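Reading through the structure tokens given below for one structure.
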Amino acid sequence: DAHPTCSCACRVSTFDDAAKTYDKEIGTDEIVMGLPLLRRWLLRSARGRVLEVACGTGVNLHLYPSSVESVLATDAAPAMVAEASRKATDPRVSVAVATVESAEGGYDTVVDTFGLCSVEDPVEALRAMARAAAPGGRVLLLEHGRSHYEWLNRVLDAHAATHLKRWGCSWNRDYDGVVAAAGLAGHVEVARRFHFGTTY
């Protein structure tokens, strides 16, 4: 099945189970793919009051620039939040258990890095992020999904069910399509793709 389903509760359980070893298990892959640099590049645009959704173990929390006044980092998985809390040494940062959909409005910047793959309904999650942004605010996304190349998409599709079961992640989503379905295509300021088009 190229598009297997898994409830949000199922995904949260997967992330809770993986939380204590998550950074160690994916750390080498992140470095090899240059993701720490992409995270830093994305977050240099953050400003004011920031909401970070799907914060995971908190790998972004030390990357926020001085233009940021405060960061509320949230995740639906309590064990992930516990790991993130240990990294929240910056006095501007607070961490809480919360779903994307429960986000309240008024933030200057809403951040999500590799979180839309981990919710059952990425369209509604993206709409919730847009609602959480204040007028004139921005949503900053770093995601992974479908490639420019069909041969690579076939590989992603063939292993989608196994990857979802192991990591709680749907790694073959079309984020251009997600943005369009959320009604936000006309609001995109900048879009770039890396790694054969799989990193948005």
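Just remember, in the structure tokens the first chain shown is A, the second B, etc., residues are 1-based per chain, and ligands are 1-based in the order shown.
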
- Identify, with DSSP run on backbone atoms, the residues in stretch 30-192 of chain A assigned to strand (DSSP E), and express the list as number ranges by chain. A: 48-52, 68-75, 93-97, 107-113, 133-142

- Message: What's around A:Met80 at 8 Å? Count only C-alpha atoms, leave out sequence neighbours fewer than 5 positions away in its own chain, and write the answer as a PyMOL selection string.
- Response: chain A and resi 15-16+19-20+56-57+75

Can you write out the residues you just picked, keeping N, CA, C and O atoms, as a PDB file, in the first residue's frame?
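Saved file part-v5.pdb follows:
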```pdb
ATOM      1  N   PHE A  15       5.978   7.357  18.560  1.00  0.00           N
ATOM      2  CA  PHE A  15       6.985   8.342  18.955  1.00  0.00           C
ATOM      3  C   PHE A  15       7.302   8.262  20.447  1.00  0.00           C
ATOM      4  O   PHE A  15       8.464   8.447  20.847  1.00  0.00           O
ATOM      5  N   ASP A  16       6.314   8.005  21.267  1.00  0.00           N
ATOM      6  CA  ASP A  16       6.582   7.831  22.691  1.00  0.00           C
ATOM      7  C   ASP A  16       7.544   6.665  22.930  1.00  0.00           C
ATOM      8  O   ASP A  16       8.466   6.755  23.740  1.00  0.00           O
ATOM      9  N   ALA A  19      11.163   7.723  21.867  1.00  0.00           N
ATOM     10  CA  ALA A  19      11.686   9.027  22.306  1.00  0.00           C
ATOM     11  C   ALA A  19      13.090   8.967  22.896  1.00  0.00           C
ATOM     12  O   ALA A  19      13.951   9.786  22.555  1.00  0.00           O
ATOM     13  N   LYS A  20      13.352   8.023  23.780  1.00  0.00           N
ATOM     14  CA  LYS A  20      14.626   8.028  24.503  1.00  0.00           C
ATOM     15  C   LYS A  20      15.824   7.754  23.601  1.00  0.00           C
ATOM     16  O   LYS A  20      16.942   8.202  23.889  1.00  0.00           O
ATOM     17  N   GLY A  56       9.110  17.382  18.531  1.00  0.00           N
ATOM     18  CA  GLY A  56       9.881  16.163  18.749  1.00  0.00           C
ATOM     19  C   GLY A  56      10.758  16.257  19.981  1.00  0.00           C
ATOM     20  O   GLY A  56      10.322  16.715  21.043  1.00  0.00           O
ATOM     21  N   THR A  57      12.011  15.868  19.844  1.00  0.00           N
ATOM     22  CA  THR A  57      12.935  15.882  20.988  1.00  0.00           C
ATOM     23  C   THR A  57      13.597  17.238  21.201  1.00  0.00           C
ATOM     24  O   THR A  57      14.480  17.368  22.030  1.00  0.00           O
ATOM     25  N   ASP A  75       4.351  19.320  21.192  1.00  0.00           N
ATOM     26  CA  ASP A  75       4.307  18.031  20.508  1.00  0.00           C
ATOM     27  C   ASP A  75       3.198  17.214  21.141  1.00  0.00           C
ATOM     28  O   ASP A  75       2.904  17.367  22.339  1.00  0.00           O
TER      29      ASP A  75
END
```

Counting only C-alpha atoms, give me one row per residue of stretch 85-104 of chain A with an atom at most 12 Å from an atom of stretch 41-49 of chain A, showing the shortest contact pair and its distance in Å to one decimal, sorted by chain then residue number, as CSV.
```
residue,atom,partner,partner_atom,distance
A:Arg92,CA,A:Arg49,CA,9.6
A:Val93,CA,A:Arg49,CA,10.3
A:Ser94,CA,A:Arg49,CA,11.7
```

- Item | Of the listed residues A:Val32, A:Ala191, A:Ala88, A:Cys117, that which approaches A:Tyr64 most closely, counting only C-alpha atoms |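 When distances to A:Tyr64 are compared using only C-alpha atoms, the smallest one comes from A:Ala88.
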
- Query: Within 12 Å of A:Arg192, counting only C-alpha atoms, which residues qualify if same-chain residues fewer than 4 places away don't, as an MDAnalysis selection string?
  - Reply: chainID A and resid 38 41:42 141:144 175:176 188 196:200

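Between atom CA of A:Ala84 and atom CA of A:His3 the separation is 29.8 Å.
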
- Task: May I have the residues within 9 Å of A:Gly168 as an MDAnalysis selection string, using only C-alpha atoms and disregarding those fewer than 6 positions away in the same chain?
- Result: chainID A and resid 6 8 10:15 117:119

- Message: Give me, as a ChimeraX atom specification, the residues of stretch 9-56 of chain A that a backbone DSSP run labels alpha helix (DSSP H).
- Response: /A:9-32,35-43

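Atom CA of A:Ala54 is found 12.3 Å from atom CA of A:Ala79.
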
- Query: Can you tell me how far atom CA of A:Trp151 sits from atom CA of A:Ile31, in Å to one decimal?
  - Reply: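 According to the coordinates, atom CA of A:Trp151 and atom CA of A:Ile31 are separated by 24.7 Å.
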
- Query: Nearest to A:Leu63: which of A:Glu83, A:Ala76, A:Arg40, A:Gly183 is it, counting only C-alpha atoms?
  - Reply: A:Arg40

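Near A:Ala130, within 8 Å and counting only C-alpha atoms, sit Val110, Leu126, Arg138 and Val139 of chain A, not including residues fewer than 4 positions from it in the same chain.
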
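Comparing the minimum interatomic distances between A:Val53 and each of A:Gly186, A:Gly34, A:Gly115, A:Pro78, counting only C-alpha atoms, we find that A:Gly115 sits nearest.
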
- Task: Give the answer as one residue: which of A:Leu51, A:Val95, A:Val81, A:Leu184 has the shortest atom-to-atom distance to A:Glu69, using only C-alpha atoms?
- Result: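 With only C-alpha atoms as the atom set, the closest residue is A:Leu51.
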